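protein00.txt (compact mmCIF, C-alpha atoms)
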```txt
# COMPACT_ATOMS: atom_id res chain seq x y z
CA MET A 19 -18.07 -4.09 27.78
CA THR A 20 -16.68 -7.56 27.35
CA TRP A 21 -16.91 -10.93 29.02
CA LEU A 22 -13.32 -10.43 30.19
CA GLU A 23 -14.29 -7.80 32.74
CA PHE A 24 -14.94 -10.18 35.66
CA GLY A 25 -17.42 -7.59 36.93
CA PHE A 26 -14.81 -4.80 37.09
CA PRO A 27 -15.13 -2.47 34.07
CA TRP A 28 -11.93 -0.57 34.97
CA LEU A 29 -9.95 -3.82 35.01
CA THR A 30 -10.37 -4.28 31.25
CA THR A 31 -9.04 -0.79 30.59
CA ALA A 32 -6.17 -1.22 33.05
CA ILE A 33 -5.07 -4.54 31.56
CA ALA A 34 -5.37 -3.23 27.99
CA TRP A 35 -3.35 -0.10 28.76
CA THR A 36 -0.66 -2.12 30.58
CA LEU A 37 -0.26 -4.38 27.53
CA ILE A 38 -0.19 -1.45 25.09
CA ILE A 39 2.38 0.52 27.11
CA LEU A 40 4.52 -2.61 27.50
CA GLY A 41 4.34 -3.06 23.71
CA ALA A 42 5.33 0.57 23.12
CA LEU A 43 8.35 0.05 25.41
CA PHE A 44 9.44 -2.92 23.28
CA PHE A 45 9.14 -0.75 20.14
CA MET A 46 11.25 1.91 21.85
CA ALA A 47 13.91 -0.64 22.84
CA GLY A 48 13.97 -1.99 19.28
CA SER A 49 14.43 1.49 17.82
CA VAL A 50 17.22 2.33 20.27
CA GLY A 51 18.89 -0.98 19.35
CA LEU A 52 18.58 -0.20 15.66
CA LEU A 53 20.32 3.13 16.17
CA ARG A 54 22.96 2.07 18.69
CA PHE A 55 24.08 -1.44 17.72
CA PRO A 56 27.28 -1.67 15.66
CA ASP A 57 26.46 -3.93 12.67
CA VAL A 58 23.63 -5.32 10.55
CA LEU A 59 23.19 -8.64 12.39
CA THR A 60 22.92 -7.16 15.89
CA ARG A 61 20.57 -4.49 14.57
CA LEU A 62 18.36 -7.16 13.02
CA HIS A 63 18.34 -8.95 16.37
CA ALA A 64 17.12 -5.81 18.14
CA LEU A 65 14.60 -4.89 15.48
CA THR A 66 12.83 -8.17 14.85
CA LYS A 67 12.70 -9.42 18.43
CA ALA A 68 11.43 -6.15 19.81
CA ASP A 69 9.04 -5.39 16.96
CA ASN A 70 7.43 -8.82 17.03
CA LEU A 71 6.86 -8.71 20.77
CA GLY A 72 5.92 -5.02 20.71
CA LEU A 73 3.32 -5.46 18.00
CA GLY A 74 2.07 -8.65 19.67
CA LEU A 75 1.54 -6.88 23.00
CA ILE A 76 -0.17 -3.89 21.38
CA CYS A 77 -2.47 -6.17 19.36
CA LEU A 78 -3.20 -8.18 22.51
CA GLY A 79 -4.02 -4.99 24.42
CA LEU A 80 -6.35 -3.76 21.69
CA ALA A 81 -7.95 -7.20 21.34
CA TRP A 82 -8.51 -7.30 25.10
CA GLN A 83 -10.41 -4.04 24.81
CA ALA A 84 -12.35 -5.28 21.77
CA GLY A 85 -13.45 -8.44 23.56
CA PHE A 86 -14.51 -11.64 21.83
CA THR A 87 -15.35 -9.96 18.48
CA PRO A 88 -14.25 -10.16 14.82
CA VAL A 89 -11.98 -7.17 15.52
CA ALA A 90 -9.93 -9.25 17.97
CA PHE A 91 -9.58 -11.98 15.37
CA LYS A 92 -8.41 -9.46 12.75
CA LEU A 93 -5.84 -8.06 15.19
CA LEU A 94 -4.49 -11.58 15.75
CA LEU A 95 -4.30 -12.07 11.98
CA ILE A 96 -2.41 -8.79 11.55
CA TRP A 97 0.11 -9.84 14.18
CA LEU A 98 0.62 -13.29 12.61
CA LEU A 99 1.12 -11.79 9.13
CA ALA A 100 3.59 -9.20 10.43
CA LEU A 101 5.41 -11.99 12.31
CA LEU A 102 5.64 -14.06 9.14
CA SER A 103 6.87 -11.28 6.86
CA SER A 104 9.29 -9.75 9.36
CA SER A 105 10.93 -13.08 10.19
CA VAL A 106 11.38 -13.95 6.51
CA SER A 107 12.74 -10.51 5.59
CA CYS A 108 15.10 -10.63 8.59
CA HIS A 109 16.30 -14.03 7.38
CA LEU A 110 16.87 -12.67 3.86
CA VAL A 111 18.80 -9.61 5.05
CA ALA A 112 20.97 -11.78 7.32
CA ARG A 113 21.53 -14.24 4.47
CA TYR A 114 22.56 -11.43 2.15
CA VAL A 115 25.04 -10.15 4.73
CA LEU A 116 26.58 -13.65 5.09
CA HIS A 117 26.79 -14.03 1.28
CA ALA A 118 28.47 -10.65 0.96
CA ALA A 119 30.94 -11.50 3.74
CA ALA A 120 31.78 -14.81 2.06
CA ARG A 121 32.40 -13.02 -1.25
CA GLU A 122 34.63 -10.51 0.49
CA GLN A 123 36.68 -13.33 2.05
CA ARG A 124 37.16 -15.13 -1.25
CA ARG A 125 38.46 -11.94 -2.83
CA ASP A 126 41.09 -11.44 -0.09
CA MET B 16 -14.07 19.49 26.67
CA ILE B 17 -11.04 19.19 24.47
CA ASP B 18 -9.87 15.68 23.66
CA TRP B 19 -6.17 16.11 24.43
CA SER B 20 -5.00 12.65 23.42
CA SER B 21 -6.40 12.93 19.89
CA TRP B 22 -5.07 16.50 19.57
CA LEU B 23 -1.65 15.21 20.58
CA PHE B 24 -1.85 12.29 18.13
CA ASP B 25 -3.08 14.43 15.22
CA GLY B 26 -0.48 17.09 16.01
CA LEU B 27 2.35 14.54 15.95
CA LEU B 28 0.93 13.12 12.73
CA ALA B 29 0.80 16.53 11.04
CA VAL B 30 4.30 17.56 12.18
CA GLY B 31 5.67 14.13 11.20
CA LEU B 32 4.05 14.38 7.76
CA LEU B 33 5.62 17.79 7.05
CA LEU B 34 8.98 16.65 8.44
CA LEU B 35 9.00 13.54 6.23
CA ALA B 36 8.03 15.59 3.17
CA TRP B 37 10.91 17.98 3.88
CA LEU B 38 13.39 15.13 4.45
CA THR B 39 12.28 13.44 1.21
CA VAL B 40 13.00 16.58 -0.82
CA ILE B 41 16.19 17.58 0.97
CA SER B 42 17.97 14.18 1.15
CA ALA B 43 21.13 14.07 -0.95
CA ASP B 44 21.19 10.27 -0.77
CA LEU B 45 18.65 8.91 -3.25
CA PHE B 46 18.06 5.66 -1.32
CA ARG B 47 17.36 7.60 1.87
CA ALA B 48 14.96 9.88 -0.02
CA ILE B 49 13.02 6.85 -1.29
CA LEU B 50 12.70 5.42 2.23
CA PHE B 51 11.49 8.80 3.51
CA PHE B 52 8.97 8.90 0.67
CA ILE B 53 7.59 5.46 1.64
CA ALA B 54 7.33 6.55 5.28
CA PHE B 55 5.61 9.74 4.07
CA GLY B 56 3.05 7.63 2.18
CA LEU B 57 2.29 5.59 5.32
CA PHE B 58 1.87 8.77 7.40
CA MET B 59 -0.40 10.15 4.68
CA ALA B 60 -2.52 6.97 4.86
CA LEU B 61 -2.79 7.41 8.64
CA CYS B 62 -3.89 11.03 8.11
CA TRP B 63 -6.63 9.94 5.72
CA ALA B 64 -7.75 7.31 8.22
CA ARG B 65 -7.93 10.03 10.92
CA LEU B 66 -9.97 12.19 8.54
CA ALA B 67 -12.52 9.32 8.37
CA ALA B 68 -11.70 8.58 4.71
CA PRO B 69 -10.77 4.88 4.87
CA ASP B 70 -11.14 4.43 1.09
CA VAL B 71 -8.47 7.02 0.39
CA ALA B 72 -6.33 5.67 3.24
CA LEU B 73 -6.40 2.18 1.73
CA ALA B 74 -5.52 3.48 -1.73
CA GLU B 75 -2.73 5.69 -0.37
CA ALA B 76 -1.19 2.85 1.67
CA ALA B 77 -1.39 0.34 -1.19
CA ILE B 78 -0.54 2.55 -4.18
CA GLY B 79 1.09 5.67 -2.72
CA ALA B 80 3.40 3.90 -0.29
CA GLY B 81 3.46 0.26 -1.46
CA ILE B 82 3.51 0.16 -5.26
CA SER B 83 5.17 3.57 -5.76
CA GLY B 84 7.80 2.62 -3.18
CA ALA B 85 8.50 -0.65 -4.99
CA LEU B 86 8.73 1.21 -8.32
CA LEU B 87 11.18 3.75 -6.91
CA LEU B 88 13.34 1.04 -5.28
CA ASP B 89 13.27 -0.85 -8.58
CA ALA B 90 14.43 2.24 -10.46
CA TYR B 91 17.17 2.80 -7.87
CA ARG B 92 18.46 -0.74 -8.40
CA VAL B 93 18.58 -0.31 -12.17
CA LEU B 94 20.41 3.02 -11.97
CA SER B 95 24.13 2.24 -12.16
CA ALA B 96 26.41 3.15 -9.26
CA PRO B 97 28.63 5.58 -11.22
CA THR B 98 25.58 7.65 -12.21
CA LEU B 99 24.68 8.07 -8.56
CA ALA B 100 28.21 8.96 -7.50
CA ALA B 101 28.41 11.61 -10.22
CA ALA B 102 25.25 13.35 -8.99
CA PRO B 103 25.87 16.68 -7.23
CA ALA B 104 26.06 16.22 -3.47
CA LEU B 105 23.38 18.73 -2.54
CA SER B 106 22.35 21.62 -4.73
CA ARG B 107 20.06 24.44 -3.70
CA LEU B 108 17.41 23.17 -6.09
CA PRO B 109 15.49 20.86 -3.66
CA GLY B 110 15.20 23.60 -1.05
CA LEU B 111 14.03 26.15 -3.62
CA LEU B 112 11.58 23.63 -5.06
CA ALA B 113 10.20 22.90 -1.59
CA LEU B 114 9.77 26.63 -0.90
CA LEU B 115 8.05 27.18 -4.24
CA LEU B 116 5.66 24.25 -3.77
CA GLY B 117 5.05 25.30 -0.17
CA GLY B 118 4.13 28.77 -1.45
CA VAL B 119 1.69 27.35 -3.99
CA THR B 120 0.14 25.12 -1.30
CA GLY B 121 -0.17 28.11 1.02
CA ALA B 122 -1.81 30.22 -1.66
CA LEU B 123 -4.24 27.45 -2.57
CA SER B 124 -5.12 26.91 1.09
CA TRP B 125 -5.78 30.64 1.48
CA VAL B 126 -8.05 30.67 -1.58
CA PHE B 127 -9.86 27.57 -0.33
CA TRP B 128 -10.32 29.20 3.07
CA ARG B 129 -11.87 32.29 1.44
CA LEU B 130 -14.26 30.34 -0.81
CA PRO B 131 -17.95 30.78 -0.05
CA PRO B 132 -19.65 27.59 1.21
CA PRO B 133 -20.86 25.42 -1.69
CA VAL B 134 -24.40 26.10 -2.85
CA LEU B 135 -24.99 22.50 -3.81
CA ALA B 136 -24.52 20.01 -0.96
CA LEU B 137 -23.06 17.13 -2.98
CA ASP B 138 -22.89 14.70 -0.05
CA GLU B 139 -26.63 15.11 0.59
CA LEU B 140 -27.33 14.62 -3.12
CA VAL B 141 -25.34 11.37 -3.11
CA GLN B 142 -27.07 10.11 0.03
CA ALA B 143 -30.49 10.94 -1.44
CA ARG B 144 -29.87 8.96 -4.64
CA LEU B 145 -27.80 6.15 -3.09
CA ALA B 146 -30.66 3.67 -3.44
CA ASP B 147 -30.56 4.07 -7.25
CA SER B 148 -26.81 3.40 -7.52
CA GLY B 149 -26.95 -0.36 -6.90
CA VAL B 150 -24.40 -0.20 -4.04
CA SER B 151 -24.56 1.06 -0.45
CA ASN B 152 -21.01 2.44 -0.18
CA PRO B 153 -21.28 6.12 -1.23
CA VAL B 154 -17.65 6.17 -2.46
CA THR B 155 -18.25 3.27 -4.84
CA ALA B 156 -21.56 4.82 -5.91
CA VAL B 157 -19.75 8.02 -6.94
CA LEU B 158 -16.75 6.28 -8.56
CA LEU B 159 -18.61 3.62 -10.54
CA ASN B 160 -22.02 5.16 -11.10
CA PHE B 161 -22.58 8.89 -10.53
CA ARG B 162 -19.14 9.86 -11.85
CA GLY B 163 -18.42 6.68 -13.81
CA TYR B 164 -17.03 8.76 -16.65
CA ASP B 165 -14.02 9.83 -14.55
CA THR B 166 -13.23 6.24 -13.58
CA LEU B 167 -13.58 5.13 -17.20
CA LEU B 168 -10.98 7.70 -18.27
CA GLU B 169 -8.78 6.74 -15.33
CA ALA B 170 -8.81 3.10 -16.45
CA ALA B 171 -7.54 4.27 -19.85
CA VAL B 172 -4.91 6.59 -18.34
CA LEU B 173 -3.51 3.73 -16.27
CA LEU B 174 -2.50 1.93 -19.47
CA LEU B 175 -0.44 4.88 -20.77
CA PRO B 176 2.66 4.41 -18.54
CA LEU B 177 2.68 0.77 -19.65
CA VAL B 178 2.87 1.86 -23.27
CA GLY B 179 5.84 3.99 -22.23
CA VAL B 180 7.48 0.95 -20.62
CA TRP B 181 6.93 -1.04 -23.82
CA ILE B 182 8.50 1.69 -25.96
CA ILE B 183 11.54 1.99 -23.69
CA ASN B 184 11.85 -1.81 -23.60
CA ARG B 185 11.98 -1.95 -27.39
CA GLN B 186 14.92 0.47 -27.43
CA THR B 187 16.83 -0.73 -24.36
CA PRO B 188 15.53 -4.09 -23.10
CA ALA B 189 15.39 -4.41 -19.31
CA PRO B 190 17.69 -7.06 -17.78
CA LEU B 191 15.60 -10.23 -17.70
CA GLU B 192 17.60 -11.97 -14.95
CA SER B 193 17.41 -9.74 -11.92
CA ILE B 194 16.64 -12.01 -8.96
CA PRO B 195 18.56 -10.84 -5.85
CA VAL B 196 21.37 -13.08 -4.60
CA GLY B 197 20.44 -15.76 -2.10
CA VAL B 198 16.69 -15.30 -2.36
CA THR B 199 15.52 -18.08 -4.63
CA ASP B 200 17.19 -20.96 -2.80
CA SER B 201 15.86 -20.12 0.66
CA PRO B 202 13.27 -22.58 2.05
CA LEU B 203 11.69 -19.81 4.13
CA VAL B 204 10.79 -17.84 0.99
CA ASP B 205 8.94 -20.89 -0.34
CA THR B 206 6.92 -21.06 2.88
CA LEU B 207 6.17 -17.34 2.70
CA VAL B 208 5.00 -17.60 -0.92
CA HIS B 209 2.85 -20.65 -0.16
CA LEU B 210 1.17 -18.92 2.78
CA VAL B 211 0.88 -15.35 1.55
CA THR B 212 -0.17 -15.85 -2.09
CA PRO B 213 -3.52 -17.56 -1.33
CA LEU B 214 -4.14 -15.08 1.51
CA ALA B 215 -3.50 -12.15 -0.86
CA VAL B 216 -5.86 -13.59 -3.47
CA LEU B 217 -8.49 -14.10 -0.76
CA SER B 218 -8.16 -10.56 0.61
CA GLY B 219 -8.13 -9.12 -2.92
CA ALA B 220 -11.39 -10.90 -3.70
CA TYR B 221 -12.82 -9.76 -0.36
CA LEU B 222 -11.85 -6.11 -1.00
CA LEU B 223 -13.51 -6.29 -4.42
CA TRP B 224 -16.72 -7.75 -3.00
CA ALA B 225 -16.72 -5.47 0.07
CA GLY B 226 -16.44 -2.35 -2.13
CA ALA B 227 -20.21 -2.45 -2.68
CA HIS B 228 -21.04 -1.73 0.96
CA GLN B 229 -17.85 -0.66 2.77
CA PRO B 230 -14.34 0.65 1.96
CA GLY B 231 -12.71 -1.37 -0.81
CA GLY B 232 -13.05 -1.76 -4.56
CA ALA B 233 -11.16 -2.44 -7.76
CA PHE B 234 -8.09 -0.25 -7.09
CA GLN B 235 -7.46 -1.62 -3.61
CA ALA B 236 -8.10 -5.22 -4.69
CA GLY B 237 -5.92 -4.78 -7.80
CA SER B 238 -2.97 -3.45 -5.83
CA VAL B 239 -3.17 -6.28 -3.29
CA LEU B 240 -3.12 -8.79 -6.16
CA ALA B 241 -0.24 -6.92 -7.81
CA GLY B 242 1.63 -7.20 -4.50
CA ALA B 243 1.16 -10.97 -4.56
CA GLY B 244 2.40 -10.94 -8.16
CA ALA B 245 5.51 -9.00 -7.13
CA LEU B 246 6.20 -11.70 -4.53
CA LEU B 247 5.92 -14.35 -7.27
CA LEU B 248 8.25 -12.30 -9.45
CA LEU B 249 10.88 -11.91 -6.72
CA SER B 250 10.78 -15.61 -5.82
CA ASP B 251 11.25 -16.73 -9.45
CA ARG B 252 7.69 -18.04 -10.00
CA LEU B 253 7.17 -15.40 -12.66
CA ARG B 254 9.78 -14.10 -15.07
CA PRO B 255 9.86 -10.95 -17.20
CA THR B 256 9.96 -11.35 -20.97
CA ALA B 257 10.92 -8.92 -23.73
CA THR B 258 7.57 -9.07 -25.55
CA PRO B 259 4.00 -9.09 -24.23
CA GLN B 260 1.84 -12.20 -24.64
CA ALA B 261 -1.58 -12.09 -26.31
CA LEU B 262 -3.37 -13.37 -23.19
CA LEU B 263 -1.62 -10.77 -21.07
CA ILE B 264 -2.68 -7.94 -23.38
CA LEU B 265 -6.24 -9.26 -23.23
CA GLY B 266 -6.09 -9.12 -19.41
CA LEU B 267 -4.67 -5.61 -19.49
CA ILE B 268 -7.44 -4.16 -21.62
CA LEU B 269 -10.23 -6.33 -20.15
CA GLY B 270 -11.34 -3.67 -17.63
CA LEU B 271 -11.47 -0.88 -20.19
CA VAL B 272 -13.21 -3.04 -22.83
CA ILE B 273 -15.92 -4.29 -20.45
CA PHE B 274 -16.41 -0.83 -18.92
CA CYS B 275 -16.79 0.76 -22.39
CA GLY B 276 -18.99 -2.11 -23.58
CA LEU B 277 -21.43 -1.78 -20.68
CA ALA B 278 -21.33 2.04 -20.78
CA LEU B 279 -22.41 1.87 -24.44
CA GLY B 280 -24.64 -1.18 -23.92
CA VAL B 281 -27.05 0.65 -21.63
CA MET B 282 -27.74 3.06 -24.51
CA ALA B 283 -29.57 0.25 -26.34
CA ASP B 284 -32.87 1.04 -24.58
CA GLY B 285 -32.51 4.76 -25.11
CA SER B 286 -30.86 5.88 -21.85
CA PRO B 287 -27.74 8.09 -22.06
CA LEU B 288 -24.13 6.85 -21.86
CA LEU B 289 -23.19 5.22 -18.53
CA ARG B 290 -26.65 5.48 -16.99
CA TYR B 291 -27.25 1.99 -15.63
CA PRO B 292 -30.85 0.85 -15.03
CA PRO B 293 -31.21 0.96 -11.20
CA ALA B 294 -32.55 -2.61 -11.07
CA HIS B 295 -29.32 -4.07 -12.52
CA ALA B 296 -26.84 -1.39 -11.40
CA GLY B 297 -25.38 -3.55 -8.59
CA LEU B 298 -24.58 -6.45 -10.90
CA LEU B 299 -23.18 -4.17 -13.64
CA ILE B 300 -20.89 -2.45 -11.13
CA LEU B 301 -19.65 -5.81 -9.82
CA VAL B 302 -18.86 -7.02 -13.37
CA ILE B 303 -17.03 -3.78 -14.22
CA GLU B 304 -15.08 -3.81 -10.95
CA THR B 305 -14.06 -7.45 -11.39
CA ALA B 306 -12.70 -6.75 -14.87
CA LEU B 307 -11.01 -3.56 -13.65
CA THR B 308 -9.37 -5.47 -10.77
CA ILE B 309 -7.75 -7.93 -13.19
CA SER B 310 -6.51 -5.13 -15.47
CA ILE B 311 -5.23 -2.96 -12.62
CA ALA B 312 -3.41 -5.89 -10.98
CA LEU B 313 -1.69 -6.84 -14.26
CA THR B 314 -0.81 -3.21 -15.10
CA LEU B 315 0.75 -2.55 -11.69
CA LEU B 316 2.60 -5.88 -11.76
CA LEU B 317 4.05 -5.16 -15.21
CA LEU B 318 5.12 -1.68 -14.09
CA VAL B 319 6.88 -3.18 -11.06
CA SER B 320 8.60 -5.82 -13.20
CA GLY B 321 9.65 -3.15 -15.70
CA ALA B 322 9.33 -5.69 -18.52
CA ALA B 323 7.01 -6.00 -21.49
CA GLY B 324 5.57 -9.44 -20.66
CA LEU B 325 5.59 -12.25 -18.11
CA ARG B 326 6.06 -16.01 -18.25
CA TRP B 327 6.09 -18.74 -15.61
CA GLY B 328 9.41 -19.04 -13.77
CA ARG B 329 11.42 -22.08 -12.88
CA ARG B 330 10.54 -22.54 -9.26
CA TRP B 331 7.05 -23.92 -8.62
```

Target format structure tokens, applied to this file:
Amino acid sequence: MTWLEFGFPWLTTAIAWTLIILGALFFMAGSVGLLRFPDVLTRLHALTKADNLGLGLICLGLAWQAGFTPVAFKLLLIWLLALLSSSVSCHLVARYVLHAAAREQRRD
Amino acid sequence: MIDWSSWLFDGLLAVGLLLLAWLTVISADLFRAILFFIAFGLFMALCWARLAAPDVALAEAAIGAGISGALLLDAYRVLSAPTLAAAPALSRLPGLLALLLGGVTGALSWVFWRLPPPVLALDELVQARLADSGVSNPVTAVLLNFRGYDTLLEAAVLLLPLVGVWIINRQTPAPLESIPVGVTDSPLVDTLVHLVTPLAVLSGAYLLWAGAHQPGGAFQAGSVLAGAGALLLLSDRLRPTATPQALLILGLILGLVIFCGLALGVMADGSPLLRYPPAHAGLLILVIETALTISIALTLLLLVSGAAGLRWGRRW
């Protein structure tokens, strides 16, 4: 029961489920990309983009169900922290790959 | 009516847990096995959460998956490449071991199943005396008050692996410069450290405080703080040293010293060891848990660094 219902209780559930399923699809796409793409950089692209959006949509869906409560705020915080750490770790992995490639080139 | 969605979820969780355990044991590649083990820890934490044991779930996620995973990855990095290549590709040993352990688990489950129901309902006993414990979270009441003796011994046991690390360090010192390539000069890492470190300290303090009335406590808070410390270590804010510092040793034993001191201190007015006066129990538990948090955080951080001591790094 939240203020977001606009008088239609089922609407909250429908919107929340749509967001969560959409998020799950993004996770699926990211996982398929991780398995199918040829090298580290393209895999990173698939993984971080899809995971960030996927987690964001799932958190949004859950927050929509929770309404204007501390739980919704915590979900937002979880998403922001995951966003921060995943973008930095993606950056570090990509950087390591570039460093390694540069070393390889110098040796040749 | 059967709740199909939760049956489906729990079923997937249980099958996934067993599958990950099997993959961890059977993997010939050590790195792969470590990753499976970390995933196993996270699944285990989810299982505990589903079993309505959030305290155990928190501890499992932070210590079982997080800190243990970091320790294993650390050990993997230190192991030299030739050693790994020389290891046998895949012997029958892991499979046999898994079967043996599975058999023991099966036998224990069967025995547990056959046990008569307990005569003494411990949960009711705890609930009945909760008011005397000084806290309203039954888990903290058991750990720090009713069974404080166990936690006291646990705090001492936690220091033992560190003594092992010190002994090994004296014989073969760990490499003191082990920052990964291309990490320390990245501006993004600075931003991450500046944002995450205060947040980790804040959530550690919150977990410590919250332990009195909801899931949380010294172990969870300590491992969150140790995680922040590991971040400082990896970004060259902290550096390992070959010998421990006096202040560091003081921090390491602080929890045990204060716990022992208060456990003995309450005997002054004639009550037995570790029996806190109910009027001050809440405060005593908070003091003990705060000291324990500091000691646990430092112990875990030193284990992750694999060194005897720590000093400030170059990059601040």

With a distance cut-off of 12 Å and only C-alpha atoms, select the neighbouring residues of Gly297 (chain B), excluding the residue or stretch itself and same-chain residues fewer than 5 positions from it, and output the selection as a ChimeraX atom specification. /B:145-152,155-156,159-160,224,226-228,291-292,302-304

Restricting the calculation to all atoms listed in the file: of B:Thr187, B:Ser42, B:Ser21, B:Ser250, which residue gets closest to chain A?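 That would be B:Ser250, the residue with the smallest distance to chain A.
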
May I ask you to extract the residues of chain A within 8 Å of chain B, using only C-alpha atoms, and to give them as a list in words? Leu102, Ser103, Val106, Leu110, Arg113, Tyr114 and His117 of chain A

Closest of B:Val126, B:Leu313, B:Ile264, B:Leu249 to Asp89 (chain B), counting all atoms listed in the file, is B:Leu249

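Between CA of Glu75 (chain B) and CA of Ala29 (chain B) the separation is 16.1 Å.
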
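Between Ser310 (chain B) and the residues B:Leu269, B:Leu288, B:Leu38, B:Met282, the shortest atom-to-atom distance, using all atoms listed in the file, involves B:Leu269.
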
Would you kindly return, as a PyMOL selection string, each protein, DNA or RNA residue with an atom no farther than 8 Å from any atom of Ala323 (chain B), considering all atoms listed in the file and excluding same-chain residues fewer than 4 positions away? chain B and resi 180-181+184+255-259+317

Out of B:Gly79, B:Pro109, B:Gly270, B:Gly242, which residue has the shortest atom-to-atom distance to Ala48 (chain B) when counting all atoms listed in the file?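 Closest candidate: B:Pro109.
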
For Leu158 (chain B), please output as a list in words all residues within 12 Å (counting only C-alpha atoms; exclusion window: fewer than 5 positions along the same chain).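 That gives Asp70, Val141, Ser148, Val150, Asn152, Pro153, Gly163, Tyr164, Asp165, Thr166, Leu167, Leu168, Glu169, Ala170, Gly226, Ala227, Gly231, Gly232, Ala233, Phe234, Leu289, Ile300, Ile303 and Glu304 of chain B.
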
Quick one: everything within 12 Å of Leu94 (chain A), counting all atoms listed in the file, minus sequence neighbours fewer than 6 positions away in the same chain. Send it as a list in words.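 Residues meeting the cut-off are Leu73, Gly74, Leu75, Ile76, Cys77, Leu78, Gly79, Leu80, Ala81, Trp82, Ala84, Phe86, Thr87, Pro88, Ala100 and Leu101 of chain A.
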
Only C-alpha atoms, please: the residues just picked out, written as a compact mmCIF listing (two decimals), keeping the file's coordinate frame.
```
# COMPACT_ATOMS: atom_id res chain seq x y z
CA LEU A 73 3.32 -5.46 18.00
CA GLY A 74 2.07 -8.65 19.67
CA LEU A 75 1.54 -6.88 23.00
CA ILE A 76 -0.17 -3.89 21.38
CA CYS A 77 -2.47 -6.17 19.36
CA LEU A 78 -3.20 -8.18 22.51
CA GLY A 79 -4.02 -4.99 24.42
CA LEU A 80 -6.35 -3.76 21.69
CA ALA A 81 -7.95 -7.20 21.34
CA TRP A 82 -8.51 -7.30 25.10
CA ALA A 84 -12.35 -5.28 21.77
CA PHE A 86 -14.51 -11.64 21.83
CA THR A 87 -15.35 -9.96 18.48
CA PRO A 88 -14.25 -10.16 14.82
CA ALA A 100 3.59 -9.20 10.43
CA LEU A 101 5.41 -11.99 12.31
```

Between CA of Leu99 (chain A) and CA of Leu57 (chain B) - distance in Å to one decimal: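 Computing it gives 17.8 Å between the two atoms.
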
Find the spatial neighbours of region 30-36 of chain B, counting only C-alpha atoms, within a cut-off of 8 Å - ignore same-chain residues fewer than 2 positions away - and output them as a ChimeraX atom specification. /B:26-28,38-40,51-52,54-55,58-59

How many Å separate CA of Leu240 (chain B) from CA of Ala312 (chain B)? 5.6 Å
